[in-house]
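> Have a peek at upload-v6.cif (mmCIF, C-alpha atoms).
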data_upload
loop_
_atom_site.group_PDB
_atom_site.id
_atom_site.type_symbol
_atom_site.label_atom_id
_atom_site.label_comp_id
_atom_site.auth_asym_id
_atom_site.auth_seq_id
_atom_site.Cartn_x
_atom_site.Cartn_y
_atom_site.Cartn_z
ATOM 1 C CA MET A 1 10.739 -0.987 2.081
ATOM 2 C CA TYR A 2 10.662 -2.342 -1.475
ATOM 3 C CA GLU A 3 14.358 -1.557 -1.849
ATOM 4 C CA ARG A 4 14.993 -3.399 1.390
ATOM 5 C CA ILE A 5 13.106 -6.494 0.176
ATOM 6 C CA ILE A 6 14.912 -6.715 -3.165
ATOM 7 C CA SER A 7 18.371 -5.771 -1.877
ATOM 8 C CA LEU A 8 21.161 -8.260 -2.507
ATOM 9 C CA GLU A 9 21.853 -8.355 1.223
ATOM 10 C CA ASN A 10 18.268 -9.398 2.011
ATOM 11 C CA LEU A 11 18.182 -11.916 -0.843
ATOM 12 C CA PHE A 12 21.382 -13.604 0.339
ATOM 13 C CA ASP A 13 20.172 -13.605 3.960
ATOM 14 C CA ALA A 14 16.888 -15.112 2.788
ATOM 15 C CA TRP A 15 18.823 -17.780 0.887
ATOM 16 C CA ARG A 16 20.702 -18.826 4.021
ATOM 17 C CA GLU A 17 17.416 -19.195 5.883
ATOM 18 C CA PHE A 18 15.744 -21.001 2.996
ATOM 19 C CA LEU A 19 18.651 -23.431 2.630
ATOM 20 C CA LYS A 20 18.264 -25.009 6.093
ATOM 21 C CA GLY A 21 17.416 -28.689 5.677
ATOM 22 C CA LYS A 22 17.234 -28.447 1.884
ATOM 23 C CA ARG A 23 20.864 -28.647 0.722
ATOM 24 C CA LYS A 24 20.559 -32.162 -0.677
ATOM 25 C CA ARG A 25 17.444 -31.530 -2.743
ATOM 26 C CA LYS A 26 18.037 -31.625 -6.483
ATOM 27 C CA ASP A 27 16.374 -28.311 -7.408
ATOM 28 C CA VAL A 28 18.138 -26.495 -4.552
ATOM 29 C CA ALA A 29 21.521 -27.974 -5.533
ATOM 30 C CA GLU A 30 21.010 -26.874 -9.146
ATOM 31 C CA PHE A 31 20.176 -23.314 -8.077
ATOM 32 C CA SER A 32 23.248 -23.322 -5.813
ATOM 33 C CA GLU A 33 25.611 -24.118 -8.693
ATOM 34 C CA ASN A 34 25.278 -20.548 -10.006
ATOM 35 C CA LEU A 35 24.046 -18.968 -6.798
ATOM 36 C CA SER A 36 25.489 -15.471 -7.159
ATOM 37 C CA ALA A 37 24.334 -15.119 -10.760
ATOM 38 C CA ASN A 38 20.857 -16.486 -9.978
ATOM 39 C CA ILE A 39 20.353 -14.120 -7.063
ATOM 40 C CA TYR A 40 21.748 -11.157 -8.971
ATOM 41 C CA ASN A 41 19.427 -11.856 -11.929
ATOM 42 C CA LEU A 42 16.464 -12.085 -9.564
ATOM 43 C CA HIS A 43 17.520 -8.766 -8.037
ATOM 44 C CA LEU A 44 17.702 -7.153 -11.504
ATOM 45 C CA ASP A 45 14.255 -8.489 -12.473
ATOM 46 C CA LEU A 46 12.789 -7.055 -9.288
ATOM 47 C CA LYS A 47 14.585 -3.752 -9.708
ATOM 48 C CA SER A 48 13.333 -3.359 -13.300
ATOM 49 C CA PHE A 49 9.828 -4.618 -12.418
ATOM 50 C CA SER A 50 10.116 -7.395 -14.984
ATOM 51 C CA TYR A 51 9.783 -10.186 -12.419
ATOM 52 C CA LEU A 52 7.297 -12.943 -13.225
ATOM 53 C CA HIS A 53 6.372 -15.722 -10.810
ATOM 54 C CA GLY A 54 7.018 -19.217 -12.146
ATOM 55 C CA PRO A 55 4.717 -22.274 -12.243
ATOM 56 C CA TYR A 56 3.902 -24.594 -9.356
ATOM 57 C CA HIS A 57 4.503 -28.296 -8.878
ATOM 58 C CA ALA A 58 1.444 -29.932 -7.279
ATOM 59 C CA PHE A 59 1.501 -33.005 -5.049
ATOM 60 C CA ASN A 60 -0.582 -34.524 -2.253
ATOM 61 C CA ILE A 61 0.342 -35.239 1.361
ATOM 62 C CA SER A 62 -1.482 -36.638 4.406
ATOM 63 C CA ASP A 63 -1.087 -34.137 7.217
ATOM 64 C CA PRO A 64 -2.955 -36.068 8.709
ATOM 65 C CA LYS A 65 -5.835 -35.465 6.335
ATOM 66 C CA PRO A 66 -5.140 -35.296 2.560
ATOM 67 C CA ARG A 67 -3.863 -31.909 1.425
ATOM 68 C CA ASN A 68 -2.945 -30.592 -2.001
ATOM 69 C CA ILE A 69 0.410 -28.782 -1.845
ATOM 70 C CA HIS A 70 1.711 -26.464 -4.568
ATOM 71 C CA LYS A 71 5.460 -26.026 -4.582
ATOM 72 C CA ALA A 72 6.987 -22.990 -6.298
ATOM 73 C CA THR A 73 10.412 -22.945 -7.979
ATOM 74 C CA VAL A 74 13.509 -22.379 -5.832
ATOM 75 C CA ARG A 75 13.852 -18.879 -7.292
ATOM 76 C CA ASP A 76 10.330 -17.942 -6.268
ATOM 77 C CA ARG A 77 10.576 -19.573 -2.848
ATOM 78 C CA LEU A 78 13.753 -17.581 -2.216
ATOM 79 C CA LEU A 79 11.808 -14.408 -2.980
ATOM 80 C CA HIS A 80 8.981 -15.520 -0.658
ATOM 81 C CA HIS A 81 11.539 -15.757 2.157
ATOM 82 C CA ALA A 82 12.949 -12.324 1.298
ATOM 83 C CA ILE A 83 9.467 -10.777 1.438
ATOM 84 C CA TYR A 84 8.585 -12.599 4.639
ATOM 85 C CA ARG A 85 11.774 -11.412 6.401
ATOM 86 C CA VAL A 86 10.802 -7.779 5.890
ATOM 87 C CA LEU A 87 7.006 -7.841 6.150
ATOM 88 C CA TYR A 88 6.417 -10.333 8.973
ATOM 89 C CA PRO A 89 7.821 -8.133 11.803
ATOM 90 C CA TYR A 90 5.764 -5.201 10.540
ATOM 91 C CA PHE A 91 2.461 -7.078 10.384
ATOM 92 C CA ASP A 92 2.989 -9.195 13.487
ATOM 93 C CA LYS A 93 2.655 -6.060 15.604
ATOM 94 C CA ALA A 94 -0.838 -5.501 14.188
ATOM 95 C CA PHE A 95 -2.119 -8.992 15.050
ATOM 96 C CA ILE A 96 -4.041 -9.758 18.236
ATOM 97 C CA SER A 97 -2.203 -11.715 20.920
ATOM 98 C CA ASP A 98 -4.579 -14.693 20.695
ATOM 99 C CA SER A 99 -3.855 -15.561 17.066
ATOM 100 C CA TYR A 100 -1.402 -18.478 17.293
ATOM 101 C CA SER A 101 -0.796 -19.999 13.848
ATOM 102 C CA CYS A 102 2.502 -19.384 11.983
ATOM 103 C CA ARG A 103 3.797 -16.753 14.389
ATOM 104 C CA LEU A 104 7.049 -16.511 16.311
ATOM 105 C CA SER A 105 6.732 -17.244 20.046
ATOM 106 C CA LYS A 106 3.186 -18.548 19.507
ATOM 107 C CA GLY A 107 2.231 -21.952 18.076
ATOM 108 C CA THR A 108 0.200 -24.928 19.289
ATOM 109 C CA HIS A 109 1.639 -25.197 22.803
ATOM 110 C CA ARG A 110 0.952 -21.546 23.603
ATOM 111 C CA ALA A 111 -2.604 -21.945 22.260
ATOM 112 C CA LEU A 112 -3.159 -25.013 24.480
ATOM 113 C CA GLU A 113 -2.008 -23.147 27.564
ATOM 114 C CA ARG A 114 -4.196 -20.168 26.665
ATOM 115 C CA PHE A 115 -7.167 -22.528 26.322
ATOM 116 C CA LYS A 116 -6.553 -23.824 29.836
ATOM 117 C CA ARG A 117 -6.252 -20.297 31.228
ATOM 118 C CA PHE A 118 -9.460 -19.109 29.526
ATOM 119 C CA GLY A 119 -11.336 -22.222 30.655
ATOM 120 C CA ASN A 120 -10.380 -21.571 34.278
ATOM 121 C CA ARG A 121 -11.171 -17.877 33.999
ATOM 122 C CA VAL A 122 -14.630 -18.243 32.432
ATOM 123 C CA SER A 123 -15.622 -21.182 34.690
ATOM 124 C CA LYS A 124 -14.473 -19.204 37.729
ATOM 125 C CA ASN A 125 -11.971 -21.948 38.592
ATOM 126 C CA ARG A 126 -14.463 -24.699 37.726
ATOM 127 C CA THR A 127 -17.321 -23.342 39.859
ATOM 128 C CA LYS A 128 -19.455 -22.195 36.868
ATOM 129 C CA GLN A 129 -20.465 -23.819 33.612
ATOM 130 C CA CYS A 130 -18.263 -22.833 30.659
ATOM 131 C CA PHE A 131 -19.703 -22.945 27.136
ATOM 132 C CA ILE A 132 -17.419 -22.958 24.112
ATOM 133 C CA LEU A 133 -18.376 -22.164 20.517
ATOM 134 C CA LYS A 134 -16.022 -23.914 18.106
ATOM 135 C CA CYS A 135 -15.935 -23.017 14.402
ATOM 136 C CA ASP A 136 -13.969 -24.099 11.347
ATOM 137 C CA ILE A 137 -13.740 -22.207 8.042
ATOM 138 C CA ARG A 138 -14.586 -24.247 4.976
ATOM 139 C CA LYS A 139 -11.787 -24.672 2.387
ATOM 140 C CA PHE A 140 -9.782 -21.922 4.044
ATOM 141 C CA PHE A 141 -6.774 -21.365 1.767
ATOM 142 C CA ALA A 142 -8.783 -22.005 -1.414
ATOM 143 C CA SER A 143 -11.414 -19.441 -0.379
ATOM 144 C CA ILE A 144 -9.130 -16.428 0.118
ATOM 145 C CA ASP A 145 -10.375 -13.735 -2.262
ATOM 146 C CA HIS A 146 -7.528 -12.068 -4.158
ATOM 147 C CA GLN A 147 -9.183 -8.690 -4.581
ATOM 148 C CA ILE A 148 -10.240 -8.429 -0.939
ATOM 149 C CA LEU A 149 -6.748 -9.449 0.175
ATOM 150 C CA LEU A 150 -5.166 -6.714 -1.931
ATOM 151 C CA GLN A 151 -7.612 -4.143 -0.548
ATOM 152 C CA ILE A 152 -6.628 -5.147 2.985
ATOM 153 C CA LEU A 153 -2.927 -4.896 2.120
ATOM 154 C CA GLU A 154 -3.462 -1.395 0.727
ATOM 155 C CA LYS A 155 -4.668 -0.274 4.165
ATOM 156 C CA TYR A 156 -1.293 -1.166 5.687
ATOM 157 C CA ILE A 157 1.196 -0.679 2.867
ATOM 158 C CA SER A 158 1.706 2.688 1.172
ATOM 159 C CA ASP A 159 4.629 1.552 -0.991
ATOM 160 C CA LYS A 160 3.101 0.868 -4.437
ATOM 161 C CA ASN A 161 6.098 -1.212 -5.451
ATOM 162 C CA ILE A 162 5.549 -3.681 -2.629
ATOM 163 C CA LEU A 163 1.876 -3.907 -3.568
ATOM 164 C CA TRP A 164 2.912 -4.600 -7.167
ATOM 165 C CA LEU A 165 5.163 -7.441 -6.003
ATOM 166 C CA LEU A 166 2.567 -8.947 -3.675
ATOM 167 C CA GLU A 167 -0.002 -8.793 -6.459
ATOM 168 C CA ARG A 168 2.386 -10.795 -8.675
ATOM 169 C CA ILE A 169 2.625 -13.482 -6.004
ATOM 170 C CA ILE A 170 -1.080 -13.529 -5.115
ATOM 171 C CA TYR A 171 -2.184 -13.843 -8.752
ATOM 172 C CA SER A 172 0.448 -16.502 -9.472
ATOM 173 C CA PHE A 173 -2.174 -18.932 -8.177
ATOM 174 C CA ASP A 174 -5.566 -19.256 -9.856
ATOM 175 C CA LYS A 175 -7.828 -19.434 -6.800
ATOM 176 C CA GLY A 176 -7.099 -18.688 -3.181
ATOM 177 C CA LEU A 177 -3.556 -19.121 -1.873
ATOM 178 C CA PRO A 178 -1.259 -22.159 -2.251
ATOM 179 C CA LEU A 179 -0.499 -24.140 0.889
ATOM 180 C CA GLY A 180 3.168 -24.458 -0.063
ATOM 181 C CA ASN A 181 4.129 -20.755 -0.038
ATOM 182 C CA LEU A 182 5.753 -19.154 3.014
ATOM 183 C CA THR A 183 4.071 -15.900 2.006
ATOM 184 C CA SER A 184 0.685 -17.660 2.183
ATOM 185 C CA GLN A 185 1.137 -18.179 5.916
ATOM 186 C CA LEU A 186 1.577 -14.452 6.432
ATOM 187 C CA LEU A 187 -1.121 -13.418 3.965
ATOM 188 C CA VAL A 188 -3.840 -15.603 5.539
ATOM 189 C CA ASN A 189 -3.030 -14.106 8.945
ATOM 190 C CA ILE A 190 -3.320 -10.612 7.464
ATOM 191 C CA TYR A 191 -6.633 -11.642 5.883
ATOM 192 C CA MET A 192 -8.012 -13.169 9.101
ATOM 193 C CA ASN A 193 -6.759 -10.258 11.203
ATOM 194 C CA GLU A 194 -9.786 -8.384 9.861
ATOM 195 C CA PHE A 195 -11.989 -10.992 11.524
ATOM 196 C CA ASP A 196 -9.879 -11.079 14.701
ATOM 197 C CA GLN A 197 -10.246 -7.325 15.098
ATOM 198 C CA PHE A 198 -14.004 -7.581 14.499
ATOM 199 C CA VAL A 199 -14.378 -10.251 17.196
ATOM 200 C CA LYS A 200 -12.274 -8.377 19.746
ATOM 201 C CA HIS A 201 -13.349 -4.770 19.132
ATOM 202 C CA LYS A 202 -16.833 -4.944 17.577
ATOM 203 C CA LEU A 203 -18.239 -8.030 19.270
ATOM 204 C CA LYS A 204 -16.033 -7.344 22.310
ATOM 205 C CA ILE A 205 -15.300 -11.018 22.937
ATOM 206 C CA LYS A 206 -12.635 -11.242 25.646
ATOM 207 C CA HIS A 207 -11.990 -14.981 25.522
ATOM 208 C CA TYR A 208 -11.258 -15.886 21.911
ATOM 209 C CA ILE A 209 -8.524 -18.049 20.351
ATOM 210 C CA ARG A 210 -7.769 -18.581 16.668
ATOM 211 C CA TYR A 211 -5.355 -21.055 15.122
ATOM 212 C CA ALA A 212 -5.425 -20.773 11.300
ATOM 213 C CA ASP A 213 -9.005 -21.643 10.249
ATOM 214 C CA ASP A 214 -10.106 -22.948 13.690
ATOM 215 C CA PHE A 215 -11.391 -20.557 16.323
ATOM 216 C CA ILE A 216 -13.198 -20.801 19.652
ATOM 217 C CA LEU A 217 -15.139 -18.435 21.919
ATOM 218 C CA PHE A 218 -15.667 -18.969 25.660
ATOM 219 C CA SER A 219 -18.792 -17.844 27.533
ATOM 220 C CA GLN A 220 -20.748 -18.524 30.735
ATOM 221 C CA ASP A 221 -23.931 -19.055 28.716
ATOM 222 C CA LYS A 222 -24.961 -20.579 25.386
ATOM 223 C CA SER A 223 -25.595 -17.259 23.673
ATOM 224 C CA HIS A 224 -22.780 -16.827 21.186
ATOM 225 C CA PRO A 225 -22.889 -14.245 18.327
ATOM 226 C CA LEU A 226 -22.830 -16.940 15.637
ATOM 227 C CA ARG A 227 -25.043 -15.028 13.189
ATOM 228 C CA GLU A 228 -22.860 -11.906 13.392
ATOM 229 C CA ILE A 229 -19.771 -14.051 12.876
ATOM 230 C CA GLN A 230 -21.242 -15.748 9.808
ATOM 231 C CA ASN A 231 -22.382 -12.446 8.318
ATOM 232 C CA PHE A 232 -18.983 -10.802 8.743
ATOM 233 C CA LEU A 233 -17.072 -13.728 7.247
ATOM 234 C CA GLU A 234 -19.420 -14.018 4.262
ATOM 235 C CA ASN A 235 -19.925 -10.313 3.560
ATOM 236 C CA ASN A 236 -16.438 -8.978 4.306
ATOM 237 C CA LEU A 237 -14.122 -11.886 3.525
ATOM 238 C CA LYS A 238 -16.216 -14.233 1.335
ATOM 239 C CA LEU A 239 -15.562 -17.089 3.748
ATOM 240 C CA THR A 240 -18.074 -19.648 5.019
ATOM 241 C CA LEU A 241 -18.106 -21.797 8.128
ATOM 242 C CA HIS A 242 -17.955 -25.560 7.682
ATOM 243 C CA PRO A 243 -21.559 -26.689 8.367
ATOM 244 C CA ASN A 244 -20.432 -29.902 10.100
ATOM 245 C CA LYS A 245 -17.767 -28.255 12.248
ATOM 246 C CA VAL A 246 -19.694 -25.563 14.094
ATOM 247 C CA PHE A 247 -20.996 -26.475 17.540
ATOM 248 C CA THR A 248 -21.279 -25.371 21.156
ATOM 249 C CA LYS A 249 -20.130 -27.669 23.966
ATOM 250 C CA THR A 250 -19.491 -27.350 27.660
ATOM 251 C CA LEU A 251 -15.921 -27.599 28.883
ATOM 252 C CA SER A 252 -17.004 -30.250 31.389
ATOM 253 C CA SER A 253 -18.123 -32.548 28.534
ATOM 254 C CA GLY A 254 -14.794 -32.146 26.712
ATOM 255 C CA LEU A 255 -13.911 -30.082 23.631
ATOM 256 C CA ASP A 256 -11.679 -31.205 20.756
ATOM 257 C CA PHE A 257 -9.198 -28.470 19.808
ATOM 258 C CA LEU A 258 -5.727 -28.697 18.208
ATOM 259 C CA GLY A 259 -5.444 -32.463 18.524
ATOM 260 C CA TRP A 260 -6.436 -32.654 22.190
ATOM 261 C CA VAL A 261 -9.762 -33.131 23.977
ATOM 262 C CA HIS A 262 -9.894 -30.527 26.754
ATOM 263 C CA PHE A 263 -11.617 -30.938 30.125
ATOM 264 C CA PRO A 264 -11.681 -28.599 33.148
ATOM 265 C CA LYS A 265 -8.726 -30.276 34.906
ATOM 266 C CA HIS A 266 -6.883 -32.099 32.127
ATOM 267 C CA ARG A 267 -6.564 -32.793 28.414
ATOM 268 C CA VAL A 268 -6.241 -36.100 26.588
ATOM 269 C CA LEU A 269 -5.005 -36.900 23.105
ATOM 270 C CA ARG A 270 -7.669 -37.117 20.420
ATOM 271 C CA THR A 271 -8.541 -40.777 19.663
ATOM 272 C CA VAL A 272 -7.787 -40.453 15.944
ATOM 273 C CA THR A 273 -4.406 -38.865 16.728
ATOM 274 C CA LYS A 274 -3.633 -41.621 19.234
ATOM 275 C CA ARG A 275 -4.388 -44.389 16.714
ATOM 276 C CA ARG A 276 -2.354 -42.698 13.988
ATOM 277 C CA MET A 277 0.595 -42.235 16.346
ATOM 278 C CA LEU A 278 0.599 -45.895 17.441
ATOM 279 C CA LYS A 279 0.249 -47.095 13.839
ATOM 280 C CA LYS A 280 3.221 -44.995 12.693
ATOM 281 C CA LEU A 281 5.401 -46.149 15.580
ATOM 282 C CA LYS A 282 4.618 -49.801 14.872
ATOM 283 C CA GLN A 283 5.519 -49.319 11.210
ATOM 284 C CA ASN A 284 8.686 -47.323 11.901
ATOM 285 C CA PRO A 285 9.747 -47.289 15.591
ATOM 286 C CA ASN A 286 12.808 -45.048 15.181
ATOM 287 C CA LYS A 287 14.211 -42.998 18.075
ATOM 288 C CA GLU A 288 13.498 -39.619 16.431
ATOM 289 C CA SER A 289 9.775 -40.364 16.018
ATOM 290 C CA LEU A 290 9.569 -41.895 19.489
ATOM 291 C CA ASP A 291 11.155 -38.830 21.130
ATOM 292 C CA SER A 292 8.876 -36.525 19.141
ATOM 293 C CA TYR A 293 5.698 -38.280 20.273
ATOM 294 C CA LEU A 294 6.897 -38.573 23.875
ATOM 295 C CA GLY A 295 7.562 -34.824 23.840
ATOM 296 C CA MET A 296 4.060 -34.165 22.499
ATOM 297 C CA LEU A 297 2.485 -36.278 25.253
ATOM 298 C CA GLU A 298 4.102 -34.055 27.886
ATOM 299 C CA TRP A 299 1.460 -31.445 27.029
ATOM 300 C CA GLY A 300 -1.420 -33.559 28.304
ATOM 301 C CA ASN A 301 -2.407 -36.578 30.336
ATOM 302 C CA GLY A 302 -0.515 -39.258 28.446
ATOM 303 C CA ARG A 303 0.966 -41.445 31.188
ATOM 304 C CA LYS A 304 -0.731 -44.633 29.949
ATOM 305 C CA LEU A 305 0.211 -43.843 26.368
ATOM 306 C CA ARG A 306 3.843 -43.273 27.307
ATOM 307 C CA LYS A 307 3.935 -46.697 28.980
ATOM 308 C CA LEU A 308 2.297 -48.265 25.924
ATOM 309 C CA ILE A 309 4.799 -46.629 23.581
ATOM 310 C CA GLY A 310 7.658 -47.882 25.748
ATOM 311 C CA LYS A 311 6.555 -51.453 25.057
ATOM 312 C CA LEU A 312 6.603 -51.063 21.241
#
Produce structure tokens that represent the structure in this file.


Amino acid sequence: MYERIISLENLFDAWREFLKGKRKRKDVAEFSENLSANIYNLHLDLKSFSYLHGPYHAFNISDPKPRNIHKATVRDRLLHHAIYRVLYPYFDKAFISDSYSCRLSKGTHRALERFKRFGNRVSKNRTKQCFILKCDIRKFFASIDHQILLQILEKYISDKNILWLLERIIYSFDKGLPLGNLTSQLLVNIYMNEFDQFVKHKLKIKHYIRYADDFILFSQDKSHPLREIQNFLENNLKLTLHPNKVFTKTLSSGLDFLGWVHFPKHRVLRTVTKRRMLKKLKQNPNKESLDSYLGMLEWGNGRKLRKLIGKL
């Protein structure tokens, strides 16, 4: 598999995927000027095991909350794509079906529909009370332990050369994993798959959904295995739950999850999301943004909002 990752064919295929939407960027254009030579030199460095990951460029975004992004060089991001192309299909088969973040044919919309299905199932089509435990992991990406991550990878990957390469990428960042790396998206899912498997097979929780660092458990009573969850995360993965973002609510009272507040028969857009959307549209009411928000509102009860947006 290492030979497949570092092959010229895979590197060039990865470049074509990486290039989408980035052609006009200065660093990408500069790398493109000597594309064949740059890719061939990267291939030689990988083949001779002399590859070293470059530095990161840090900057902040609001997404919607402030986030610190670390952007690798074009050369390194190309390699991240090459690794991802080979390893993602292999690991995706090992993940549970109800993990929805950064996976093909999953995503937010699938998670929202699964929430609705679980809510109906546990409430017996709204004839029983449905309790939901919602948890959030504190400083998720920054808390990923490098050594534990490598130990997990060793359980799945026998090729020492791939482990050598992944170690180079993991230790290219001082603490945790950088938000800007494509490989980080895969690695955090591999890391959290340990927890997913624990919840499904040890705790035997049937109705469980995880999206990145947010996860929820459905039950017909208030008794959720919160202590067991905390112990596993802390002892096995060195992760802690956010103290202000762990609570149990009934579905009938409404639960905030993935930008929507969910009720037994409908879901409405979170108030903060609604205000941010209206503010952005007033500042820049272009057709692309308008169509995007109108499409998002199709996933919930947004008839009044759609009328309001139409008047902007």

> The residues within 12 Å of (-7.7, -2.4, 2.5), using all atoms listed in the file and the coordinates of the file, should be reported as a list in words; which are they?

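Nearby residues: His146, Gln147, Ile148, Leu149, Leu150, Gln151, Ile152, Leu153, Glu154, Lys155, Tyr156, Ile157, Ser158, Leu163, Ile190, Tyr191, Asn193, Glu194, Asn236 and Leu237 of chain A.
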
> With only C-alpha atoms as the counted atoms, please give the residues lying no more than 10 Å from A:Asp256, apart from itself and same-chain residues fewer than 5 positions off, as a list in words.

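Once the nearby chain positions are removed, what remains is Lys134, Lys249, Leu251, Val261, His262, Phe263, Arg267, Val268, Leu269 and Arg270 of chain A.
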
> Kindly export the residues of the current selection with C-alpha atoms, as a compact mmCIF listing (two decimals), in the coordinates of the input.


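The result, stored in out_24.txt:
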# COMPACT_ATOMS: atom_id res chain seq x y z
CA LYS A 134 -16.02 -23.91 18.11
CA LYS A 249 -20.13 -27.67 23.97
CA LEU A 251 -15.92 -27.60 28.88
CA VAL A 261 -9.76 -33.13 23.98
CA HIS A 262 -9.89 -30.53 26.75
CA PHE A 263 -11.62 -30.94 30.12
CA ARG A 267 -6.56 -32.79 28.41
CA VAL A 268 -6.24 -36.10 26.59
CA LEU A 269 -5.00 -36.90 23.10
CA ARG A 270 -7.67 -37.12 20.42

> Residue by residue, what does the PyMOL selection byres ((chain A and resi 3) around 12) grab here? Present the result as a list in words.

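For this structure, the PyMOL selection byres ((chain A and resi 3) around 12) captures Met1, Tyr2, Arg4, Ile5, Ile6, Ser7, Leu8, Glu9, Asn10, Leu11, His43, Leu44, Leu46, Lys47, Ser48, Phe49, Ala82, Ile83, Val86, Asp159, Lys160, Asn161, Ile162 and Leu165 of chain A.
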
> Quick one, how far is atom CA of A:Thr108 from atom CA of A:Lys93?

19.4 Å

> Which residues, named as in the file, does the PyMOL selection byres ((chain A and resi 197-203) around 12) pick out? Answer as number ranges by chain.

A: 94-99, 189-196, 204-210, 215-217, 224-233, 236-237

> Given only C-alpha atoms as the basis, pick out the residue of A:Thr248, A:Ser253, A:Phe131, A:Lys265 nearest to A:Gln220.

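Of A:Thr248, A:Ser253, A:Phe131, A:Lys265, the one nearest A:Gln220 is A:Phe131, counting only C-alpha atoms.
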
> What's the separation between atom CA of A:Ser105 and atom CA of A:Glu167, in Å to one decimal place?

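Going from atom CA of A:Ser105 over to atom CA of A:Glu167, I get 28.6 Å.
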
> Just so the selection is clear, what residues does the PyMOL selection byres ((chain A and resi 143) around 10) cover here, as a ChimeraX atom specification?

/A:137-142,144-146,175-177,237-240

> Give as a PDB file with C-alpha atoms, in the frame of the given file each residue that has an atom at most 6 Å from (8.2, -17.9, -9.7) in the file, counting all atoms listed in the file.


ATOM      1  CA  HIS A  53       6.372 -15.722 -10.810  1.00  0.00           C
ATOM      2  CA  GLY A  54       7.018 -19.217 -12.146  1.00  0.00           C
ATOM      3  CA  THR A  73      10.412 -22.945  -7.979  1.00  0.00           C
ATOM      4  CA  ASP A  76      10.330 -17.942  -6.268  1.00  0.00           C
TER       5      ASP A  76
END

> Considering all atoms listed in the file, return as a ChimeraX atom specification whatever protein or nucleic-acid residues lie within 12 Å of A:Arg77, sequence-local ones (same chain, fewer than 2 positions apart) excluded.

/A:11,14-15,17-19,27-28,31,39,42,53-56,70-75,79-84,169,180-184

> Would you put the residues from that selection into a file with C-alpha atoms, as a PDB file, in the coordinates of the input?


ATOM      1  CA  LEU A  11      18.182 -11.916  -0.843  1.00  0.00           C
ATOM      2  CA  ALA A  14      16.888 -15.112   2.788  1.00  0.00           C
ATOM      3  CA  TRP A  15      18.823 -17.780   0.887  1.00  0.00           C
ATOM      4  CA  GLU A  17      17.416 -19.195   5.883  1.00  0.00           C
ATOM      5  CA  PHE A  18      15.744 -21.001   2.996  1.00  0.00           C
ATOM      6  CA  LEU A  19      18.651 -23.431   2.630  1.00  0.00           C
ATOM      7  CA  ASP A  27      16.374 -28.311  -7.408  1.00  0.00           C
ATOM      8  CA  VAL A  28      18.138 -26.495  -4.552  1.00  0.00           C
ATOM      9  CA  PHE A  31      20.176 -23.314  -8.077  1.00  0.00           C
ATOM     10  CA  ILE A  39      20.353 -14.120  -7.063  1.00  0.00           C
ATOM     11  CA  LEU A  42      16.464 -12.085  -9.564  1.00  0.00           C
ATOM     12  CA  HIS A  53       6.372 -15.722 -10.810  1.00  0.00           C
ATOM     13  CA  GLY A  54       7.018 -19.217 -12.146  1.00  0.00           C
ATOM     14  CA  PRO A  55       4.717 -22.274 -12.243  1.00  0.00           C
ATOM     15  CA  TYR A  56       3.902 -24.594  -9.356  1.00  0.00           C
ATOM     16  CA  HIS A  70       1.711 -26.464  -4.568  1.00  0.00           C
ATOM     17  CA  LYS A  71       5.460 -26.026  -4.582  1.00  0.00           C
ATOM     18  CA  ALA A  72       6.987 -22.990  -6.298  1.00  0.00           C
ATOM     19  CA  THR A  73      10.412 -22.945  -7.979  1.00  0.00           C
ATOM     20  CA  VAL A  74      13.509 -22.379  -5.832  1.00  0.00           C
ATOM     21  CA  ARG A  75      13.852 -18.879  -7.292  1.00  0.00           C
ATOM     22  CA  LEU A  79      11.808 -14.408  -2.980  1.00  0.00           C
ATOM     23  CA  HIS A  80       8.981 -15.520  -0.658  1.00  0.00           C
ATOM     24  CA  HIS A  81      11.539 -15.757   2.157  1.00  0.00           C
ATOM     25  CA  ALA A  82      12.949 -12.324   1.298  1.00  0.00           C
ATOM     26  CA  ILE A  83       9.467 -10.777   1.438  1.00  0.00           C
ATOM     27  CA  TYR A  84       8.585 -12.599   4.639  1.00  0.00           C
ATOM     28  CA  ILE A 169       2.625 -13.482  -6.004  1.00  0.00           C
ATOM     29  CA  GLY A 180       3.168 -24.458  -0.063  1.00  0.00           C
ATOM     30  CA  ASN A 181       4.129 -20.755  -0.038  1.00  0.00           C
ATOM     31  CA  LEU A 182       5.753 -19.154   3.014  1.00  0.00           C
ATOM     32  CA  THR A 183       4.071 -15.900   2.006  1.00  0.00           C
ATOM     33  CA  SER A 184       0.685 -17.660   2.183  1.00  0.00           C
TER      34      SER A 184
END

> Atom CA of A:Trp260 to atom CA of A:Arg117: how many Å, to one decimal?

15.3 Å

> Select, from A:Lys24, A:Gly254, A:Arg16, A:Val188, the residue with the minimum atom-to-atom distance to A:Arg85, counting only C-alpha atoms.

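Going through A:Lys24, A:Gly254, A:Arg16, A:Val188 one by one, the smallest distance to A:Arg85 is for A:Arg16.
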
> Please enclose the listed atoms of stretch 237-249 of chain A in an axis-aligned box, pad each side by 8 Å, and write out the centre and the three edge lengths in Å, rounded to one decimal, as lines of an AutoDock Vina configuration file.


center_x = -17.8
center_y = -20.9
center_z = 12.7
size_x = 23.4
size_y = 34.0
size_z = 38.6
